[in-house]
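*Asks:* Have a look at the structure that comes next, please.
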Number of protein chains: 2
Amino acid sequence: MNLKTSFLKNRIDADSPNKNIVPVTTLIDNANKLSIGGCSIEDLVLKYDSPLYILDEITLRNSCRAYKKALVKYYPGESLPIYASKANSSIFMSNLVASEGFGLDAVSEGELLTALKGGVPNDKIVFHGNNKSDKEMEFAIKNNIKVIVDNDHDLKRLEEISNSFNRDIEIMIRFTPGIECHTHEYIKTGSLDSKFGFGIESLSKLFEAIRKTKHIKLIGLHAHIGSQIFELDPHNDLGEIMVNVISQAEKFGHNIIELNVGGGLGIKYTEEDDPPSIEEWIKTVSSSIVKACNKKNLNLPILMCEPGRSIVSTAGVTIYKIGSFKEIPGIRTYLSVDGGMSDNPRPITYQSNYSACLVNNPLNNNSKNKYTVAGKHCESGDVLFKELELGDCKTGDLICVFGTGAYNNSMSSNYNRIPKPSTILVCNGEAEIIQRRESPHDLLRYDVLPDRFIKQS
Amino acid sequence: MNLKTSFLKNRIDADSPNKNIVPVTTLIDNANKLSIGGCSIEDLVLKYDSPLYILDEITLRNSCRAYKKALVKYYPGESLPIYASKANSSIFMSNLVASEGFGLDAVSEGELLTALKGGVPNDKIVFHGNNKSDKEMEFAIKNNIKVIVDNDHDLKRLEEISNSFNRDIEIMIRFTPGIECHTHEYIKTGSLDSKFGFGIESLSKLFEAIRKTKHIKLIGLHAHIGSQIFELDPHNDLGEIMVNVISQAEKFGHNIIELNVGGGLGIKYTEEDDPPSIEEWIKTVSSSIVKACNKKNLNLPILMCEPGRSIVSTAGVTIYKIGSFKEIPGIRTYLSVDGGMSDNPRPITYQSNYSACLVNNPLNNNSKNKYTVAGKHCESGDVLFKELELGDCKTGDLICVFGTGAYNNSMSSNYNRIPKPSTILVCNGEAEIIQRRESPHDLLRYDVLPDRFIKQS
């Protein structure tokens, strides 16, 4: 292994994959070519075509285990990490996190189905969402899946359902803790402008309302303060706020045994990013809850947290094949790849930055060039990188984009009727398909031409 | 009909649907309820569920006919309007535009297949794209579909193919005319810094290179200067520039018989928007080409243009059902609907604005409230309207969002494993399915769990 250039020179922290740009099994072989999970990327594309999503099993498991290990180390009470499946929902991912002892958080019937098919025990699934449909709510109740009550509408329906079945239903409630955090912005306010959860100022009224129901048992609290967070202070504050809310709830006779602090731990997309480790994050979260519970003389609740991005993002890469070049003298050189905004909508949606390298020359062992990497879609904004430094390259060469395991596949579209790529799992030199590639024909499957048009044309 | 409040009060211009916010058949019945194409929206949702995409056939046909009529009126030469299918690609849309005498522009194998299945004659299809795959290129050639050469890579491959078959291939080339259009950054394509097309300064070299090929026949020029444009001047300038390039090409012995001016005509999403009519746009385009050709003493080329949004956007609406409400005192009231960023990614991607009304009270015949309309996705940015004025409403009421026919369905995703809605065609009181709804189960279809995981869990 020789990772001496650019972001590839960083030592790989196998214990906290979110602190790396690349999967923990990333290697550069003697021919100066990239491999992940013991598989040559070139060979994978020969076999499975491009664009290609790849997930590295070791990175996934190391991430899961880092959470489990840190919870055991720093939290003296019971705990359950819960995978936020919106980051990358598949039967495989559900199965993997379940095998690591994780629960799973779902926000739709589709995500719930996926979790169950993947073998996640129903008592470890939580059902989130600011606008659960009646059908979804019934599906969750029927499958004994815990509902996180987000608003009055959820509560009202659960009350109706529990009354009609004359049966107790255990719930958690989601509230906005007055902390909002998005990477570099950390705001504390009394009232949060979010579509999710109950305002913290409305909780007394809510606790009283729940107390008066016949069958609703409030057993847990949930809060989530943001995503891709690099600071630890907000989660330190969150622990204290949540424990205060336990006290408040107990005054209304509720016995809060579960505390779900949400997710938010950031990952390293580029060299500018420096997130805390999984261990540091869990240590902060655990310590603040333990300290606050001791202060209030409360039993430790079951600690839950909801990592998504920090489980799956660094484990995933996307491989593209280079097609056309367009040099605009004095302005820039465009290099087009065979995917784009359909398989990775984050650059056009959030102006997200990634790191990438050539598969057959990861260390740029020749002159460096700056390229604007464009996708193949009929949209000017379909640009994955504004300025990417790469060695000399040509049509047919492969580019590996790192950190694409989260919110790429899950947010992908079929814009321009472009099929979604396969996902390949790599581990110890073996490659397995975990999501099949769509074909262009598949995309016409839902189209219907009414008879009168068939006759006419 | 009584369209006296808010944007619904505007007189409907049936001859240029892009100048309206609502489909031309929009009515409010005696019970103060919304209908489109003679169909009660409430009845459609009872039958087909929500969210629901609806397309109005009359609006679609009026838009197509406005282009055809204006071309006949203002352009003395031959002409062919070409539907930019990326705006909304389906077998139905392909069939409809073909029945109105349109051609179709496609940018992928999926869009090409859709056009052919819809009955668009192959000689009226053009194949665009900054990075056509080899497979797509072969598909186009095999089906005798005209390729718009975007870059040197396209030209090189076509030369190889034509040589190997020892057969002539007719092409058009796309160039960037160097016109800046002041519209949204992401949809600006006319400037020099674009991934699409040949720079205008490189054309002499290109014309010479094509002249030297054995089998490539350059018969046409293409340029596109942007989308959602409200001014006419840029297209006036474009005509003159393109005719100058015909002269330039003819000096190299090429006989340019087709001139494709792209698309770009804006539509009225909100009351702030005031696009020109289809007739005004075609008049401008035609006049500038006729004038420039007369000046240069050139035969009139076949005039092509590529409307997409102005054909399909105003014809389409999306119906959502209201779920939960969340009032944040002193800040805002959130109202959540049963769709969101998956069926309409334009607000989160482009900060796009739309108009909307309640289906059972389109004119806000009671107190007005301002709502922030949120989607059901697990994403804070999943907000369709920041401040929408609506009458009193409650859970279960329906909202109709106008102008969603273009780039909603075509850019839709399955984020959070939410199924894509159906599309219903309405006309003269009849409703027909033209795209079936996905089910949550459908979304698991591509997932594969390798055997070793099945055994393990």
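FYI, nothing fancy with the structure tokens labels: chains A, B, ... in order, residues from 1 per chain, ligands from 1 as they appear.
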Superposing chain A on chain B by least squares with every Cα paired in order, what RMSD results?

*Replies:*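 So the superposition leaves a C-alpha RMSD of 1.5 Å.
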
*Asks:* Based on the backbone DSSP call, show me all residues of segment 93-275 of chain B assigned alpha helix (DSSP H), as a ChimeraX atom specification.

*Replies:* /B:93-99,109-117,134-142,152-165,203-211,233-251

*Asks:* May I ask you to extract the residues of chain B within 6 Å of chain A, using only C-alpha atoms, and to give them as a count of residues only?

*Replies:* 29

*Asks:* I'd like the neighbourhood of Ala431 of chain A as a ChimeraX atom specification, where a residue qualifies if any of its atoms comes within 9 Å (using only C-alpha atoms), though same-chain residues fewer than 3 positions away should be ignored.

*Replies:* /A:37,39,44,424-428

*Asks:* With only C-alpha atoms as the counted atoms, please give the residues lying no more than 7 Å from Gly266 of chain A, apart from itself and same-chain residues fewer than 3 positions off, as number ranges by chain.

*Replies:* A: 227-230, 275, 310

*Asks:* Could you save the residues just selected, with C-alpha atoms, as a PDB file, in the first residue's frame?

*Replies:*
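Saved as selection-v4.pdb:
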ATOM      1  CA  SER A 227     -26.827  16.183  10.283  1.00  0.00           C
ATOM      2  CA  GLN A 228     -23.149  16.145   9.334  1.00  0.00           C
ATOM      3  CA  ILE A 229     -22.184  17.777  12.662  1.00  0.00           C
ATOM      4  CA  PHE A 230     -18.482  18.197  13.508  1.00  0.00           C
ATOM      5  CA  PRO A 275     -15.383  15.027  12.301  1.00  0.00           C
ATOM      6  CA  SER A 310     -21.684   7.653   9.637  1.00  0.00           C
TER       7      SER A 310
END
